[in-house]
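Peer 1: Below is my_file_36.pdb; it holds PDB, C-alpha atoms, pLDDT in the B column.
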ATOM      1  CA  MET R1012     -48.630 117.266 -13.025  1.00 45.00           C
ATOM      2  CA  SER R1013     -46.791 119.638 -15.332  1.00 45.00           C
ATOM      3  CA  GLU R1014     -45.164 116.899 -17.441  1.00 48.00           C
ATOM      4  CA  VAL R1015     -48.073 116.966 -19.874  1.00 50.00           C
ATOM      5  CA  ARG R1016     -47.209 118.609 -23.191  1.00 51.00           C
ATOM      6  CA  GLN R1017     -43.715 119.616 -22.187  1.00 53.00           C
ATOM      7  CA  HIS R1018     -41.428 119.390 -25.177  1.00 62.00           C
ATOM      8  CA  LYS R1019     -38.153 118.606 -23.485  1.00 76.00           C
ATOM      9  CA  VAL R1020     -36.222 115.500 -24.478  1.00 85.00           C
ATOM     10  CA  LYS R1021     -36.781 112.715 -21.955  1.00 90.00           C
ATOM     11  CA  ASP R1022     -34.368 109.824 -21.517  1.00 95.00           C
ATOM     12  CA  ILE R1023     -36.201 106.567 -22.195  1.00 98.00           C
ATOM     13  CA  PHE R1024     -33.215 104.265 -21.739  1.00 98.00           C
ATOM     14  CA  VAL R1025     -32.527 102.140 -18.697  1.00 97.00           C
ATOM     15  CA  ASP R1026     -29.507  99.910 -18.147  1.00 98.00           C
ATOM     16  CA  GLY R1027     -30.541  96.288 -17.861  1.00 98.00           C
ATOM     17  CA  PRO R1028     -34.007  94.747 -17.587  1.00 98.00           C
ATOM     18  CA  ILE R1029     -37.098  96.667 -16.469  1.00 98.00           C
ATOM     19  CA  ASP R1030     -38.049  95.438 -13.005  1.00 98.00           C
ATOM     20  CA  PRO R1031     -41.713  94.357 -12.821  1.00 98.00           C
ATOM     21  CA  SER R1032     -41.954  96.275  -9.523  1.00 98.00           C
ATOM     22  CA  PHE R1033     -41.087  99.451 -11.475  1.00 97.00           C
ATOM     23  CA  VAL R1034     -44.284  98.904 -13.475  1.00 97.00           C
ATOM     24  CA  GLY R1035     -46.287  98.724 -10.255  1.00 97.00           C
ATOM     25  CA  THR R1036     -44.617 101.830  -8.880  1.00 97.00           C
ATOM     26  CA  SER R1037     -45.369 103.680 -12.142  1.00 97.00           C
ATOM     27  CA  ILE R1038     -49.054 102.822 -11.823  1.00 97.00           C
ATOM     28  CA  ALA R1039     -49.119 103.870  -8.164  1.00 97.00           C
ATOM     29  CA  LYS R1040     -47.670 107.302  -9.030  1.00 97.00           C
ATOM     30  CA  HIS R1041     -50.887 108.128 -10.900  1.00 96.00           C
ATOM     31  CA  ALA R1042     -53.130 107.700  -7.857  1.00 95.00           C
ATOM     32  CA  THR R1043     -53.157 111.469  -7.289  1.00 95.00           C
ATOM     33  CA  ARG R1044     -54.519 112.095 -10.804  1.00 95.00           C
ATOM     34  CA  GLN R1045     -58.268 112.150 -10.384  1.00 94.00           C
ATOM     35  CA  ASP R1046     -58.918 112.920 -14.064  1.00 95.00           C
ATOM     36  CA  ILE R1047     -57.523 109.567 -15.201  1.00 97.00           C
ATOM     37  CA  GLY R1048     -59.963 106.725 -15.824  1.00 97.00           C
ATOM     38  CA  ALA R1049     -57.828 104.339 -17.870  1.00 98.00           C
ATOM     39  CA  HIS R1050     -54.262 103.073 -18.023  1.00 98.00           C
ATOM     40  CA  GLU R1051     -52.969 101.062 -20.961  1.00 98.00           C
ATOM     41  CA  ILE R1052     -49.588  99.350 -20.690  1.00 98.00           C
ATOM     42  CA  PHE R1053     -47.529  97.461 -23.246  1.00 98.00           C
ATOM     43  CA  LEU R1054     -44.611  95.383 -21.958  1.00 98.00           C
ATOM     44  CA  GLY R1055     -42.029  93.740 -24.187  1.00 98.00           C
ATOM     45  CA  GLN R1056     -40.343  90.582 -22.900  1.00 98.00           C
ATOM     46  CA  ILE R1057     -37.329  88.699 -24.291  1.00 98.00           C
ATOM     47  CA  ARG R1058     -38.496  85.496 -25.971  1.00 96.00           C
ATOM     48  CA  ALA R1059     -36.495  82.269 -26.316  1.00 94.00           C
ATOM     49  CA  ASP R1060     -36.759  82.223 -30.104  1.00 91.00           C
ATOM     50  CA  VAL R1061     -35.615  79.063 -31.834  1.00 88.00           C
ATOM     51  CA  VAL R1062     -33.731  79.954 -34.975  1.00 79.00           C
ATOM     52  CA  GLY R1063     -32.691  77.512 -37.655  1.00 66.00           C
ATOM     53  CA  ALA R1064     -31.815  79.673 -40.635  1.00 61.00           C
ATOM     54  CA  ASP R1065     -29.632  78.428 -43.502  1.00 58.00           C
ATOM     55  CA  ASP R1066     -26.453  79.848 -42.045  1.00 62.00           C
ATOM     56  CA  ARG R1067     -27.146  78.725 -38.479  1.00 61.00           C
ATOM     57  CA  PRO R1068     -27.123  75.437 -36.640  1.00 64.00           C
ATOM     58  CA  PRO R1069     -30.680  74.085 -36.383  1.00 66.00           C
ATOM     59  CA  ASN R1070     -32.750  74.676 -33.257  1.00 70.00           C
ATOM     60  CA  ASN R1071     -30.458  77.275 -31.808  1.00 87.00           C
ATOM     61  CA  VAL R1072     -32.156  79.001 -28.880  1.00 93.00           C
ATOM     62  CA  VAL R1073     -31.939  82.692 -27.977  1.00 95.00           C
ATOM     63  CA  ILE R1074     -30.880  83.198 -24.341  1.00 96.00           C
ATOM     64  CA  ALA R1075     -30.581  87.006 -24.305  1.00 97.00           C
ATOM     65  CA  ILE R1076     -30.669  90.139 -26.430  1.00 98.00           C
ATOM     66  CA  GLU R1077     -27.964  92.758 -26.108  1.00 98.00           C
ATOM     67  CA  TYR R1078     -29.394  96.183 -26.938  1.00 98.00           C
ATOM     68  CA  THR R1079     -27.453  99.238 -28.055  1.00 98.00           C
ATOM     69  CA  ALA R1080     -28.759 102.505 -29.478  1.00 98.00           C
ATOM     70  CA  TYR R1081     -27.865 105.687 -31.292  1.00 98.00           C
ATOM     71  CA  ARG R1082     -29.025 107.430 -28.179  1.00 98.00           C
ATOM     72  CA  GLU R1083     -29.239 111.062 -29.357  1.00 97.00           C
ATOM     73  CA  MET R1084     -31.221 110.242 -32.493  1.00 98.00           C
ATOM     74  CA  ALA R1085     -33.459 107.802 -30.616  1.00 98.00           C
ATOM     75  CA  LEU R1086     -34.355 110.421 -28.003  1.00 98.00           C
ATOM     76  CA  GLU R1087     -35.011 113.140 -30.583  1.00 97.00           C
ATOM     77  CA  THR R1088     -37.197 110.794 -32.629  1.00 98.00           C
ATOM     78  CA  MET R1089     -39.045 109.712 -29.487  1.00 98.00           C
ATOM     79  CA  THR R1090     -39.735 113.346 -28.563  1.00 97.00           C
ATOM     80  CA  ALA R1091     -41.326 113.923 -31.984  1.00 97.00           C
ATOM     81  CA  ILE R1092     -43.446 110.763 -31.709  1.00 98.00           C
ATOM     82  CA  ARG R1093     -44.551 111.761 -28.210  1.00 97.00           C
ATOM     83  CA  GLU R1094     -45.586 115.255 -29.330  1.00 97.00           C
ATOM     84  CA  GLU R1095     -47.515 113.812 -32.242  1.00 98.00           C
ATOM     85  CA  ALA R1096     -49.292 111.330 -29.963  1.00 98.00           C
ATOM     86  CA  PHE R1097     -50.432 114.079 -27.572  1.00 98.00           C
ATOM     87  CA  VAL R1098     -51.893 116.029 -30.503  1.00 98.00           C
ATOM     88  CA  ARG R1099     -53.616 112.942 -31.910  1.00 98.00           C
ATOM     89  CA  TRP R1100     -55.063 111.783 -28.573  1.00 98.00           C
ATOM     90  CA  PRO R1101     -55.776 115.006 -26.662  1.00 98.00           C
ATOM     91  CA  GLU R1102     -57.472 113.102 -23.866  1.00 97.00           C
ATOM     92  CA  MET R1103     -54.204 111.348 -23.043  1.00 98.00           C
ATOM     93  CA  THR R1104     -52.774 112.791 -19.842  1.00 97.00           C
ATOM     94  CA  CYS R1105     -49.428 110.975 -19.647  1.00 96.00           C
ATOM     95  CA  LEU R1106     -47.190 108.785 -21.753  1.00 98.00           C
ATOM     96  CA  HIS R1107     -44.223 106.974 -20.249  1.00 98.00           C
ATOM     97  CA  VAL R1108     -41.724 105.065 -22.375  1.00 98.00           C
ATOM     98  CA  HIS R1109     -38.788 102.973 -21.162  1.00 98.00           C
ATOM     99  CA  HIS R1110     -36.437 100.747 -23.180  1.00 98.00           C
ATOM    100  CA  SER R1111     -33.578  98.617 -21.933  1.00 98.00           C
ATOM    101  CA  LEU R1112     -29.967  98.794 -23.045  1.00 98.00           C
ATOM    102  CA  GLY R1113     -27.368  96.121 -22.341  1.00 98.00           C
ATOM    103  CA  THR R1114     -27.860  92.367 -22.082  1.00 98.00           C
ATOM    104  CA  ILE R1115     -31.418  91.331 -21.242  1.00 98.00           C
ATOM    105  CA  PRO R1116     -31.944  87.614 -20.511  1.00 98.00           C
ATOM    106  CA  VAL R1117     -34.930  85.640 -21.778  1.00 98.00           C
ATOM    107  CA  GLY R1118     -38.037  86.187 -19.660  1.00 98.00           C
ATOM    108  CA  GLN R1119     -37.034  89.693 -18.592  1.00 98.00           C
ATOM    109  CA  LEU R1120     -38.808  92.902 -19.599  1.00 98.00           C
ATOM    110  CA  CYS R1121     -37.055  95.205 -22.067  1.00 98.00           C
ATOM    111  CA  PHE R1122     -39.736  97.682 -23.169  1.00 98.00           C
ATOM    112  CA  MET R1123     -42.616  99.542 -21.566  1.00 98.00           C
ATOM    113  CA  VAL R1124     -45.116 101.991 -23.043  1.00 98.00           C
ATOM    114  CA  PHE R1125     -47.648 103.325 -20.555  1.00 98.00           C
ATOM    115  CA  ALA R1126     -50.417 105.774 -21.461  1.00 98.00           C
ATOM    116  CA  SER R1127     -53.189 107.161 -19.297  1.00 98.00           C
ATOM    117  CA  SER R1128     -56.328 108.977 -20.332  1.00 98.00           C
ATOM    118  CA  LYS R1129     -59.822 109.851 -19.201  1.00 97.00           C
ATOM    119  CA  HIS R1130     -61.409 106.903 -21.029  1.00 97.00           C
ATOM    120  CA  ARG R1131     -59.905 103.683 -22.373  1.00 97.00           C
ATOM    121  CA  GLN R1132     -60.055 104.262 -26.109  1.00 98.00           C
ATOM    122  CA  GLN R1133     -57.454 107.023 -26.418  1.00 98.00           C
ATOM    123  CA  ALA R1134     -54.947 105.286 -24.131  1.00 98.00           C
ATOM    124  CA  ARG R1135     -55.363 102.014 -26.062  1.00 98.00           C
ATOM    125  CA  GLU R1136     -54.916 103.592 -29.463  1.00 98.00           C
ATOM    126  CA  ALA R1137     -51.988 105.708 -28.351  1.00 98.00           C
ATOM    127  CA  VAL R1138     -50.060 102.762 -26.909  1.00 98.00           C
ATOM    128  CA  ALA R1139     -50.525 100.625 -30.036  1.00 98.00           C
ATOM    129  CA  TYR R1140     -49.430 103.525 -32.229  1.00 98.00           C
ATOM    130  CA  VAL R1141     -46.419 104.523 -30.131  1.00 98.00           C
ATOM    131  CA  VAL R1142     -45.174 100.913 -29.821  1.00 98.00           C
ATOM    132  CA  ASP R1143     -45.270 100.478 -33.616  1.00 98.00           C
ATOM    133  CA  ARG R1144     -43.528 103.793 -34.295  1.00 98.00           C
ATOM    134  CA  ILE R1145     -40.785 103.015 -31.776  1.00 98.00           C
ATOM    135  CA  LYS R1146     -40.146  99.608 -33.345  1.00 98.00           C
ATOM    136  CA  SER R1147     -39.841 101.025 -36.835  1.00 97.00           C
ATOM    137  CA  GLU R1148     -38.200 104.423 -36.239  1.00 97.00           C
ATOM    138  CA  LEU R1149     -35.941 104.384 -33.183  1.00 98.00           C
ATOM    139  CA  PRO R1150     -32.306 103.473 -33.941  1.00 98.00           C
ATOM    140  CA  ILE R1151     -32.078 100.663 -31.410  1.00 98.00           C
ATOM    141  CA  PHE R1152     -30.043  97.582 -32.300  1.00 98.00           C
ATOM    142  CA  GLY R1153     -30.366  94.094 -30.862  1.00 98.00           C
ATOM    143  CA  LYS R1154     -27.869  91.257 -30.843  1.00 97.00           C
ATOM    144  CA  GLU R1155     -29.599  87.928 -30.275  1.00 96.00           C
ATOM    145  CA  ILE R1156     -27.279  85.721 -28.253  1.00 96.00           C
ATOM    146  CA  PHE R1157     -27.750  81.975 -28.628  1.00 94.00           C
ATOM    147  CA  VAL R1158     -27.235  79.153 -26.175  1.00 92.00           C
ATOM    148  CA  ASP R1159     -24.106  78.046 -28.074  1.00 90.00           C
ATOM    149  CA  ASN R1160     -22.676  81.572 -27.646  1.00 91.00           C
ATOM    150  CA  THR R1161     -23.027  82.524 -31.322  1.00 91.00           C
ATOM    151  CA  HIS R1162     -25.161  85.548 -32.187  1.00 94.00           C
ATOM    152  CA  GLN R1163     -27.158  87.191 -34.933  1.00 93.00           C
ATOM    153  CA  TRP R1164     -28.501  90.714 -35.330  1.00 95.00           C
ATOM    154  CA  LYS R1165     -32.217  91.087 -34.813  1.00 93.00           C
ATOM    155  CA  ARG R1166     -34.284  93.112 -37.256  1.00 93.00           C
ATOM    156  CA  ASN R1167     -37.828  94.328 -36.791  1.00 92.00           C
ATOM    157  CA  THR R1168     -40.225  93.453 -39.577  1.00 83.00           C
TER
ATOM    158  CA  MET H1026     -15.652 113.976 -41.015  1.00 93.00           C
ATOM    159  CA  GLU H1027     -16.351 111.426 -38.352  1.00 95.00           C
ATOM    160  CA  VAL H1028     -18.953 108.808 -39.245  1.00 98.00           C
ATOM    161  CA  LEU H1029     -20.658 106.893 -36.439  1.00 98.00           C
ATOM    162  CA  LEU H1030     -21.242 103.151 -36.884  1.00 98.00           C
ATOM    163  CA  PHE H1031     -23.709 100.990 -34.993  1.00 98.00           C
ATOM    164  CA  GLY H1032     -24.692  97.381 -34.367  1.00 98.00           C
ATOM    165  CA  MET H1033     -23.820  94.891 -37.069  1.00 97.00           C
ATOM    166  CA  ILE H1034     -21.954  97.546 -39.086  1.00 97.00           C
ATOM    167  CA  ALA H1035     -19.707  98.515 -36.161  1.00 97.00           C
ATOM    168  CA  GLU H1036     -19.069  94.805 -35.650  1.00 97.00           C
ATOM    169  CA  LYS H1037     -18.017  94.261 -39.299  1.00 95.00           C
ATOM    170  CA  ALA H1038     -15.843  97.388 -39.271  1.00 96.00           C
ATOM    171  CA  ASN H1039     -14.327  96.527 -35.879  1.00 96.00           C
ATOM    172  CA  THR H1040     -14.857 100.104 -34.745  1.00 97.00           C
ATOM    173  CA  ASP H1041     -17.720 102.436 -33.871  1.00 97.00           C
ATOM    174  CA  ARG H1042     -16.419 105.407 -35.865  1.00 97.00           C
ATOM    175  CA  VAL H1043     -14.434 106.068 -39.043  1.00 97.00           C
ATOM    176  CA  GLN H1044     -12.948 109.225 -40.543  1.00 96.00           C
ATOM    177  CA  ILE H1045     -14.176 109.864 -44.098  1.00 95.00           C
ATOM    178  CA  SER H1046     -13.890 112.953 -46.262  1.00 93.00           C
ATOM    179  CA  ALA H1047     -16.759 113.568 -48.643  1.00 96.00           C
ATOM    180  CA  THR H1048     -18.591 116.575 -50.023  1.00 97.00           C
ATOM    181  CA  SER H1049     -21.853 114.764 -50.717  1.00 97.00           C
ATOM    182  CA  LEU H1050     -23.809 111.811 -49.445  1.00 96.00           C
ATOM    183  CA  SER H1051     -23.202 109.805 -52.624  1.00 96.00           C
ATOM    184  CA  GLU H1052     -19.459 110.401 -52.283  1.00 97.00           C
ATOM    185  CA  LEU H1053     -19.726 109.337 -48.662  1.00 97.00           C
ATOM    186  CA  ARG H1054     -21.523 106.097 -49.611  1.00 96.00           C
ATOM    187  CA  THR H1055     -18.792 105.202 -52.104  1.00 96.00           C
ATOM    188  CA  ALA H1056     -16.041 105.971 -49.600  1.00 97.00           C
ATOM    189  CA  LEU H1057     -17.797 103.963 -46.897  1.00 96.00           C
ATOM    190  CA  ILE H1058     -18.107 100.893 -49.110  1.00 96.00           C
ATOM    191  CA  SER H1059     -14.425 100.976 -50.044  1.00 95.00           C
ATOM    192  CA  ARG H1060     -13.633 101.274 -46.339  1.00 95.00           C
ATOM    193  CA  ILE H1061     -16.117  98.623 -45.191  1.00 96.00           C
ATOM    194  CA  PRO H1062     -16.645  96.307 -48.211  1.00 95.00           C
ATOM    195  CA  GLU H1063     -19.239  94.167 -46.333  1.00 94.00           C
ATOM    196  CA  LEU H1064     -21.526  97.194 -46.327  1.00 95.00           C
ATOM    197  CA  ASP H1065     -22.300  96.596 -49.983  1.00 94.00           C
ATOM    198  CA  ARG H1066     -24.191  93.414 -49.085  1.00 94.00           C
ATOM    199  CA  MET H1067     -25.869  94.811 -45.979  1.00 94.00           C
ATOM    200  CA  SER H1068     -29.047  96.743 -45.539  1.00 95.00           C
ATOM    201  CA  TYR H1069     -28.439 100.107 -43.870  1.00 97.00           C
ATOM    202  CA  ALA H1070     -29.598 103.718 -43.700  1.00 97.00           C
ATOM    203  CA  ILE H1071     -27.597 106.911 -43.351  1.00 97.00           C
ATOM    204  CA  ALA H1072     -28.653 109.553 -40.855  1.00 98.00           C
ATOM    205  CA  VAL H1073     -27.540 113.159 -41.261  1.00 98.00           C
ATOM    206  CA  ASP H1074     -27.955 115.257 -38.125  1.00 97.00           C
ATOM    207  CA  ARG H1075     -30.070 112.507 -36.558  1.00 97.00           C
ATOM    208  CA  ALA H1076     -32.574 112.058 -39.377  1.00 97.00           C
ATOM    209  CA  VAL H1077     -32.505 109.325 -42.019  1.00 97.00           C
ATOM    210  CA  VAL H1078     -31.813 110.758 -45.480  1.00 96.00           C
ATOM    211  CA  HIS H1079     -32.801 108.896 -48.662  1.00 94.00           C
ATOM    212  CA  THR H1080     -31.678 111.344 -51.330  1.00 94.00           C
ATOM    213  CA  ASP H1081     -28.278 112.793 -52.182  1.00 95.00           C
ATOM    214  CA  LEU H1082     -27.199 115.819 -50.188  1.00 95.00           C
ATOM    215  CA  ALA H1083     -24.251 118.211 -50.151  1.00 97.00           C
ATOM    216  CA  LEU H1084     -22.132 117.882 -46.989  1.00 97.00           C
ATOM    217  CA  ASN H1085     -20.003 120.633 -45.477  1.00 95.00           C
ATOM    218  CA  GLY H1086     -18.208 118.455 -42.952  1.00 93.00           C
ATOM    219  CA  THR H1087     -19.974 119.759 -39.836  1.00 95.00           C
ATOM    220  CA  GLU H1088     -22.858 117.286 -40.012  1.00 96.00           C
ATOM    221  CA  GLU H1089     -23.333 114.409 -37.610  1.00 97.00           C
ATOM    222  CA  ILE H1090     -23.319 111.329 -39.853  1.00 98.00           C
ATOM    223  CA  ALA H1091     -24.323 107.836 -38.759  1.00 98.00           C
ATOM    224  CA  VAL H1092     -24.620 104.508 -40.573  1.00 98.00           C
ATOM    225  CA  LEU H1093     -27.540 102.532 -39.198  1.00 98.00           C
ATOM    226  CA  PRO H1094     -28.271  98.823 -39.620  1.00 98.00           C
ATOM    227  CA  PRO H1095     -31.901  97.598 -39.375  1.00 97.00           C
ATOM    228  CA  PHE H1096     -33.681  98.683 -36.202  1.00 98.00           C
ATOM    229  CA  ALA H1097     -34.576  96.124 -33.561  1.00 98.00           C
ATOM    230  CA  GLY H1098     -36.121  98.018 -30.673  1.00 97.00           C
ATOM    231  CA  GLY H1099     -38.987  96.721 -28.611  1.00 94.00           C
TER
END
Take the structure I supplied and represent it as structure tokens, if you would.

Peer 2:
Amino acid sequence: MSEVRQHKVKDIFVDGPIDPSFVGTSIAKHATRQDIGAHEIFLGQIRADVVGADDRPPNNVVIAIEYTAYREMALETMTAIREEAFVRWPEMTCLHVHHSLGTIPVGQLCFMVFASSKHRQQAREAVAYVVDRIKSELPIFGKEIFVDNTHQWKRNT
Amino acid sequence: MEVLLFGMIAEKANTDRVQISATSLSELRTALISRIPELDRMSYAIAVDRAVVHTDLALNGTEEIAVLPPFAGG
């Protein structure tokens, strides 16, 4: 596949939740790659957080997160992170990243990072690294919507 | 110049873009706070041409400026 080490900007955003069957299809697409020995996949899922901060009613439960993004900056930043990851883990053959936009209900998938390599170590390290960089550097914003229809803005720590 | 607003900041300002004239980033910050007073108590970053900038910078008006609240991806 010629996607390896191309430097074009790829769109990572999908409208709505990531369908679990999409994950399966993504794995299946690699069956033709006989140099791959390991896949590592991170999946982010919306959690029913219970929030009782000072300015909120106690025990308020998150029912969904509404994601928006500064799309152009997010994609440029992602391209730089991707290029860096391929330099750092030269054995990695592919890296696929998808992030949801829009309202994602609790229990649904909103984030996928999928790396493949010859052996497990490089794919594992790359996924952990890329997930952390995305969380701290991509301008993606999340509105946590509560069961009582109030909301608060999520922030990654 | 047009300044893009996102997330919590767009919500407070009731719009996703404002027109501001400024010749430097520090001038822009001052103008933004007088336009959106809540910004003074919020944590945010300013991106110039899609990269976060921490220092002062001269602006010529052609830059793409964005005000970014804390990130929450993943």

Peer 1: Closest to chain R among H:Ala1038, H:Leu1084, H:Ala1047, H:Val1077, using all atoms listed in the file?

Peer 2: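 Nearest candidate to chain R out of H:Ala1038, H:Leu1084, H:Ala1047, H:Val1077: H:Val1077.
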
Peer 1: Tell me, as a PyMOL selection string, which residues lie within 8 Å of Ala1049 in chain R, counting all atoms listed in the file; anything in the same chain fewer than 3 positions away does not count.

Peer 2: chain R and resi 1127-1131+1134

Peer 1: Report as a ChimeraX atom specification all protein, DNA and RNA residues lying within 9 Å of Cys1121 in chain R, evaluated on all atoms listed in the file, omitting residues in the same chain fewer than 2 positions from it.

Peer 2: /R:1025,1027-1029,1054-1057,1109-1112,1115,1119,1123 /H:1099

Peer 1: Step by step: start from the point (-34.6, 114.5, -41.5) in the file's coordinates, keep every protein, DNA or RNA residue that has an atom no farther than 12 Å from it, count only C-alpha atoms, and write the set as a PyMOL selection string.

Peer 2: (chain R and resi 1084+1087-1088+1091+1148) or (chain H and resi 1071-1080+1082+1089-1090)

Peer 1: Give as a list in words every residue of chain H that touches chain R within 8 Å, counting only C-alpha atoms.

Peer 2: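 Selected residues: Phe1031, Gly1032, Met1033, Arg1075, Ala1076, Leu1093, Pro1094, Pro1095, Phe1096, Ala1097, Gly1098 and Gly1099 of chain H.
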